[in-house]
Amino acid sequence: MIALITLGLAGCVNAQPASTGGIVSTNPCADQLLLALAPDRVTAISHYSQEPGATSIPLDLARRYRATAGTAEEVIALKPDLVVASSFTPNTTLDAYRRAGLKVLTLDSPTTVAASRDQIRSVAAAVGAPAAGERLIARIDRAVADAVPRDDRRPATLLYISDSFANAGPSLLTEMVGLAGLGDASKDFGLAFSGNVPIESLVAHPPRIVLDPDPDGRTASLRRRVLGMAGYQVIEERFPRQLVNCGGPTIIPALRTLAAIRSRALS
């Protein structure tokens, strides 16, 4: 859910910075959404988007923008017209923004494509770019339609987020796996929510496809060797970490990647 906090303290005019008209984001998922909707208005993004393991946007694009560590002092000094933050932002930081007279938009992490559409519309309205929001939603809707398979085959698929930590339960990733015609193998391991699926469990119930953000990493390499020694022919595919973190624009390449993986597995 998105809450727009637009509070200023009466009688504290001297504490209010003059607005620059720009937008500062302190969250990597907000970064990629703002750069899709209103790139010319972005004054600064979060430092996470300039880190290879955390970004959801191309590094060369992220590095064209100023980045902050997200401290209240940094953000207030930039005198933005709007701050876009995560709903997990500490209350003390949000209070500092309020005392400085800043507008703040807090974003949750959408757990469905529908929730992501709603979030896009809310952010687009807040930044004065409703038409850009509708264009992005149209692109997402096309990606969803294109990903829908033409048959009923659902190869069991386990998506690792990192090391032995696998996606499970109600999440945007789970929905996208299903939309792309892949079966959710996490249920075979009794996971109600994302959690660890060690190699021993995987050998007991091998899925058809294993998705991993780092197939060359130590855990993935060991998993591959053990499955091979057990005689299982499990298809392993790379699902980039950049496609795991966020909704919004990320839904488009995520669905295309999942659909392509299914096509290769069933060809």
# chains A, B, ... in the order shown; residues from 1 in each chain; ligands from 1
>>> select_by_dssp(residues="stretch 164-247 of chain A", states="alpha helix (DSSP H)", output="ChimeraX atom specification")
/A:172-179,199-204,218-229
>>> residues_around(residues="stretch 90-93 of chain A", least_positions_apart="6", cutoff="12 Å", atoms="only C-alpha atoms", output="tab-separated table (two decimals) with N, CA, C and O atoms, in the first residue's frame")
chain	number	residue	atom	x	y	z
A	26	THR	N	15.24	7.00	-2.05
A	26	THR	CA	16.15	6.32	-1.13
A	26	THR	C	15.98	4.81	-1.16
A	26	THR	O	16.45	4.11	-0.28
A	70	GLY	N	20.99	7.71	1.87
A	70	GLY	CA	19.63	7.73	2.40
A	70	GLY	C	19.50	8.34	3.78
A	70	GLY	O	18.43	8.23	4.41
A	71	THR	N	20.54	9.01	4.28
A	71	THR	CA	20.42	9.67	5.58
A	71	THR	C	19.54	10.90	5.45
A	71	THR	O	19.49	11.54	4.39
A	72	ALA	N	18.87	11.24	6.54
A	72	ALA	CA	17.98	12.40	6.51
A	72	ALA	C	18.76	13.67	6.18
A	72	ALA	O	18.27	14.53	5.43
A	73	GLU	N	19.97	13.79	6.72
A	73	GLU	CA	20.76	14.99	6.48
A	73	GLU	C	21.07	15.17	5.00
A	73	GLU	O	20.94	16.28	4.45
A	74	GLU	N	21.47	14.09	4.35
A	74	GLU	CA	21.78	14.16	2.92
A	74	GLU	C	20.56	14.58	2.10
A	74	GLU	O	20.64	15.44	1.23
A	75	VAL	N	19.47	13.91	2.38
A	75	VAL	CA	18.26	14.14	1.60
A	75	VAL	C	17.74	15.56	1.80
A	75	VAL	O	17.40	16.26	0.83
A	76	ILE	N	17.68	16.01	3.02
A	76	ILE	CA	17.16	17.35	3.30
A	76	ILE	C	18.04	18.41	2.65
A	76	ILE	O	17.54	19.42	2.13
A	83	VAL	N	10.34	13.26	-1.74
A	83	VAL	CA	11.21	12.15	-1.35
A	83	VAL	C	10.41	10.86	-1.51
A	83	VAL	O	9.28	10.76	-1.00
A	99	ARG	N	9.72	17.36	9.64
A	99	ARG	CA	10.13	18.59	10.31
A	99	ARG	C	10.75	19.59	9.33
A	99	ARG	O	10.68	20.80	9.54
A	100	ALA	N	11.35	19.06	8.24
A	100	ALA	CA	11.95	19.93	7.23
A	100	ALA	C	10.91	20.39	6.20
A	100	ALA	O	11.24	21.13	5.28
A	102	LEU	N	9.21	18.47	4.04
A	102	LEU	CA	9.29	17.76	2.77
A	102	LEU	C	8.08	16.85	2.57
A	102	LEU	O	7.55	16.28	3.53
A	104	VAL	N	6.73	13.29	1.31
A	104	VAL	CA	7.32	11.96	1.27
A	104	VAL	C	6.31	10.95	0.75
A	104	VAL	O	5.16	10.92	1.21
A	106	THR	N	5.87	6.94	0.49
A	106	THR	CA	6.43	5.68	0.95
A	106	THR	C	5.84	4.53	0.15
A	106	THR	O	4.63	4.46	-0.05
>>> closest_residue(among="A:Pro240, A:Pro253, A:Pro110, A:Gly53", to="A:Ser171", atoms="only C-alpha atoms")
A:Pro110
>>> atom_distance(atom1="atom CA of A:Ala38", atom2="atom CA of A:Leu179")
28.7 Å
>>> atom_distance(atom1="atom CA of A:Gly169", atom2="atom CA of A:Phe189")
11.5 Å
>>> residues_around(residues="A:Leu136", least_positions_apart="6", cutoff="10 Å", atoms="only C-alpha atoms", output="VMD selection string")
chain A and resid 33 36 to 37 117 120 to 121 124 130 142 248 to 249 252
>>> residues_around(residues="A:Ile251", least_positions_apart="3", cutoff="10 Å", atoms="only C-alpha atoms", output="list in words")
Val113, Ser116, Arg139, Ile140, Asp141, Ala143, Val144, Leu172, Leu173, Met176, Leu243, Val244, Cys246, Gly247, Gly248, Ala254, Leu255, Arg256 and Thr257 of chain A
>>> write_last_selection(atoms="N, CA and C atoms", output="compact mmCIF listing (two decimals), in the first residue's frame")
# COMPACT_ATOMS: atom_id res chain seq x y z
N VAL A 113 1.16 -8.64 -9.68
CA VAL A 113 1.23 -7.74 -10.83
C VAL A 113 0.18 -6.65 -10.69
N SER A 116 1.35 -4.04 -8.43
CA SER A 116 2.39 -3.24 -9.08
C SER A 116 1.77 -2.21 -10.01
N ARG A 139 2.92 -1.74 -21.33
CA ARG A 139 4.06 -2.61 -21.65
C ARG A 139 4.07 -3.84 -20.76
N ILE A 140 3.74 -3.66 -19.49
CA ILE A 140 3.67 -4.80 -18.57
C ILE A 140 2.56 -5.76 -19.00
N ASP A 141 1.41 -5.21 -19.37
CA ASP A 141 0.30 -6.05 -19.80
C ASP A 141 0.66 -6.85 -21.06
N ALA A 143 3.70 -7.81 -21.83
CA ALA A 143 4.65 -8.83 -21.38
C ALA A 143 3.92 -10.00 -20.73
N VAL A 144 2.88 -9.69 -19.95
CA VAL A 144 2.08 -10.76 -19.33
C VAL A 144 1.40 -11.60 -20.41
N LEU A 172 5.42 -11.72 -5.74
CA LEU A 172 5.41 -11.34 -7.15
C LEU A 172 6.18 -12.36 -7.99
N LEU A 173 7.29 -12.85 -7.46
CA LEU A 173 8.07 -13.86 -8.18
C LEU A 173 7.24 -15.12 -8.41
N MET A 176 4.77 -14.51 -11.17
CA MET A 176 5.39 -14.45 -12.50
C MET A 176 5.83 -15.82 -12.98
N LEU A 243 16.54 -9.24 -11.47
CA LEU A 243 15.14 -9.47 -11.78
C LEU A 243 14.35 -9.94 -10.56
N VAL A 244 15.03 -10.10 -9.45
CA VAL A 244 14.40 -10.63 -8.24
C VAL A 244 13.87 -9.52 -7.34
N CYS A 246 12.55 -6.26 -7.55
CA CYS A 246 11.49 -5.26 -7.65
C CYS A 246 10.38 -5.67 -8.62
N GLY A 247 9.27 -4.93 -8.52
CA GLY A 247 8.19 -5.04 -9.50
C GLY A 247 8.34 -3.93 -10.51
N GLY A 248 7.22 -3.34 -10.91
CA GLY A 248 7.28 -2.23 -11.86
C GLY A 248 7.93 -2.62 -13.18
N ALA A 254 11.67 -9.79 -16.51
CA ALA A 254 11.54 -11.01 -15.71
C ALA A 254 10.63 -12.02 -16.41
N LEU A 255 9.49 -11.56 -16.89
CA LEU A 255 8.57 -12.46 -17.58
C LEU A 255 9.17 -12.98 -18.89
N ARG A 256 9.85 -12.12 -19.62
CA ARG A 256 10.48 -12.56 -20.86
C ARG A 256 11.53 -13.63 -20.59
N THR A 257 12.29 -13.44 -19.52
CA THR A 257 13.32 -14.42 -19.17
C THR A 257 12.70 -15.74 -18.77
>>> select_by_dssp(residues="stretch 21-101 of chain A", states="strand (DSSP E or B)", output="list in words")
Ile23, Val24, Ser25, Val42, Thr43, Ala44, Ile45, Ser46, Arg66, Ala67, Thr68, Leu82, Val83, Val84, Ala85 and Ser86 of chain A
>>> write_last_selection(atoms="C-alpha atoms", output="PDB file, in the first residue's frame")
ATOM      1  CA  ILE A  23      12.819  14.063  -6.618  1.00  0.00           C
ATOM      2  CA  VAL A  24      15.096  12.078  -4.317  1.00  0.00           C
ATOM      3  CA  SER A  25      14.688   8.323  -3.998  1.00  0.00           C
ATOM      4  CA  VAL A  42      15.272  12.761 -10.457  1.00  0.00           C
ATOM      5  CA  THR A  43      17.842  14.630  -8.362  1.00  0.00           C
ATOM      6  CA  ALA A  44      19.334  11.609  -6.596  1.00  0.00           C
ATOM      7  CA  ILE A  45      18.832   7.872  -6.269  1.00  0.00           C
ATOM      8  CA  SER A  46      19.786   5.340  -3.617  1.00  0.00           C
ATOM      9  CA  ARG A  66      23.855  11.353  -7.889  1.00  0.00           C
ATOM     10  CA  ALA A  67      23.469   8.723  -5.168  1.00  0.00           C
ATOM     11  CA  THR A  68      22.895   9.094  -1.448  1.00  0.00           C
ATOM     12  CA  LEU A  82       9.451  14.975  -3.206  1.00  0.00           C
ATOM     13  CA  VAL A  83      11.208  12.145  -1.353  1.00  0.00           C
ATOM     14  CA  VAL A  84      10.305   8.579  -2.358  1.00  0.00           C
ATOM     15  CA  ALA A  85      11.196   6.097   0.383  1.00  0.00           C
ATOM     16  CA  SER A  86      10.483   2.550   1.446  1.00  0.00           C
TER      17      SER A  86
END
>>> residues_around(residues="A:Pro170", least_positions_apart="6", cutoff="10 Å", atoms="only C-alpha atoms", output="VMD selection string")
chain A and resid 111 to 112 192 to 194
>>> closest_residue(among="A:Val127, A:Ala138, A:Ala147, A:Leu258", to="A:Asp212", atoms="only C-alpha atoms")
A:Leu258
>>> residues_around(residues="A:Ile235", least_positions_apart="3", cutoff="8 Å", atoms="only C-alpha atoms", output="count of residues only")
4
>>> closest_residue(among="A:Gly133, A:Gly128, A:Pro213, A:Gly181", to="A:Tyr160", atoms="only C-alpha atoms")
A:Pro213
>>> closest_residue(among="A:Gln242, A:Pro207, A:Ser164, A:Gly101", to="A:Ser221", atoms="only C-alpha atoms")
A:Ser164
